[in-house]
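Presented below is the structure to which this report refers.
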Amino acid sequence: MIILSENGYVLWFTGPPGAGKTTLAERLKTILNNNGTGVEILDGDEIRKGLSKDLGFSKEDREKHNERVMFVAKLLSRNGIVTLVPLISPYRAVREKARKEIPNFIEIYIKCPLDVLIKRDPKGLYKRALAGEITNLTGLQDTYEEPLSPEIVIDTNAKTIEESVNTILGFLRARGEKVPSEVN
């Protein structure tokens, strides 16, 4: 049986490409689903394949893409679905708009040093950008504005996936959410 959250909430994972946003969201979704919680992931790459396939990567298009994700996240969370949003969302103003528009918005800054991101490079984006094939990679050639006061900061260079997930679960437990205890 799926249990809907009494008050749905949105975990908005922001950070540069390759920092671990989607990895953490997927792991957290599995844990929450196994606990019976209704969870949905609004992955930026997946949303671009459907809802935002008409958009590019200009500042205006990135903002519009983020606003579409905000709208869906707000709908899901107000219906008791825990909504995980692993989205680069490079601009503070857009994240602040999400914070104002979405009740129970929790910003999670997933940070990682650039040299580690370049080594990880799971999608080959940094390699392509450094070769000049991509000219607007966020955090390298284009702006990424770090959050000023996120609820949670996770350095994926310093913490394992399990430690990172436990940090998030601990924060949620402290808020009174019904989440499982620590995972190994």
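Labels for the structure tokens follow display order: chains A, B, ..., residues from 1 in each chain, ligands from 1.
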Task: Contacts of A:His65 within 10 Å, only C-alpha atoms, excl. fewer than 5 positions in-chain, as a ChimeraX atom specification - done: /A:44,47-48,51-57,59-60,70,87,89
Could you save the residues just selected, with C-alpha atoms, as a PDB file, in the first residue's frame?
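Heads up, here's the output in result.pdb:
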```pdb
ATOM      1  CA  GLY A  44      15.565  17.482 -15.519  1.00  0.00           C
ATOM      2  CA  ILE A  47      11.432  16.391 -18.366  1.00  0.00           C
ATOM      3  CA  ARG A  48      13.411  17.792 -21.312  1.00  0.00           C
ATOM      4  CA  LEU A  51       7.449  18.580 -21.316  1.00  0.00           C
ATOM      5  CA  SER A  52      10.421  20.765 -22.306  1.00  0.00           C
ATOM      6  CA  LYS A  53      11.527  19.236 -25.608  1.00  0.00           C
ATOM      7  CA  ASP A  54      10.914  22.603 -27.276  1.00  0.00           C
ATOM      8  CA  LEU A  55      13.517  24.342 -25.093  1.00  0.00           C
ATOM      9  CA  GLY A  56      17.246  24.818 -25.495  1.00  0.00           C
ATOM     10  CA  PHE A  57      19.852  25.918 -22.972  1.00  0.00           C
ATOM     11  CA  LYS A  59      19.113  31.496 -19.846  1.00  0.00           C
ATOM     12  CA  GLU A  60      15.496  32.119 -20.835  1.00  0.00           C
ATOM     13  CA  MET A  70       8.038  23.925 -10.459  1.00  0.00           C
ATOM     14  CA  LEU A  87      17.655  19.750 -11.450  1.00  0.00           C
ATOM     15  CA  SER A  89      18.611  24.991 -11.681  1.00  0.00           C
TER      16      SER A  89
END
```
Dump as CSV the rows for residues of stretch 26-104 of chain A within 7 Å of stretch 9-22 of chain A: closest atom pair and distance in Å with one decimal, only C-alpha atoms counted, ordered by chain and rising residue number.
```
residue,atom,partner,partner_atom,distance
A:Glu26,CA,A:Thr22,CA,6.0
A:Ala73,CA,A:Val10,CA,6.8
A:Ser77,CA,A:Tyr9,CA,5.3
A:Val82,CA,A:Tyr9,CA,5.2
A:Thr83,CA,A:Val10,CA,4.7
A:Leu84,CA,A:Leu11,CA,4.9
A:Val85,CA,A:Trp12,CA,4.7
A:Pro86,CA,A:Phe13,CA,4.6
A:Leu87,CA,A:Thr14,CA,5.6
A:Ile88,CA,A:Thr14,CA,5.0
A:Ser89,CA,A:Thr14,CA,5.9
A:Asn104,CA,A:Tyr9,CA,4.7
```
Leaving out A:Ala158 and any residue of its chain fewer than 2 positions from it, which residues lie within 12 Å of it when counting only C-alpha atoms, given as a short mmCIF file (atom, residue, chain, number, x, y, z; two decimals) with C-alpha atoms, in the first residue's frame?
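Result saved to part05.cif:
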```
data_model
loop_
_atom_site.label_atom_id
_atom_site.label_comp_id
_atom_site.auth_asym_id
_atom_site.auth_seq_id
_atom_site.Cartn_x
_atom_site.Cartn_y
_atom_site.Cartn_z
CA ALA A 19 27.52 16.27 -8.68
CA ILE A 110 24.72 19.05 -3.95
CA LYS A 111 28.23 20.39 -4.24
CA CYS A 112 31.42 18.88 -5.56
CA PRO A 113 34.77 20.38 -6.64
CA VAL A 116 36.21 15.87 -9.29
CA VAL A 153 24.32 21.01 1.90
CA ILE A 154 25.93 17.76 0.78
CA ASP A 155 29.48 17.54 -0.54
CA THR A 156 29.46 14.36 -2.61
CA THR A 160 29.22 8.43 0.40
CA ILE A 161 25.78 7.95 -1.11
CA GLU A 162 24.60 6.32 2.12
CA GLU A 163 25.96 9.14 4.28
CA SER A 164 24.34 11.69 2.00
#
```
Task: Top pick for closest residue to A:Asn166, considering A:Leu117, A:Ala93, A:Ala129, A:Leu24 and counting only C-alpha atoms - done: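 When distances to A:Asn166 are compared using only C-alpha atoms, the smallest one comes from A:Leu24.
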Open item on the list: Using only C-alpha atoms for the distances, tell me which of A:Ile106, A:Val72, A:Leu172, A:Leu114 is nearest to A:Asn157.
Closed with: A:Leu114
- [ ] Would you mind reading off the distance between atom CA of A:Glu67 and atom CA of A:Arg95, one decimal, in Å?
- [x]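 That distance, rounded to one decimal, is 9.4 Å.
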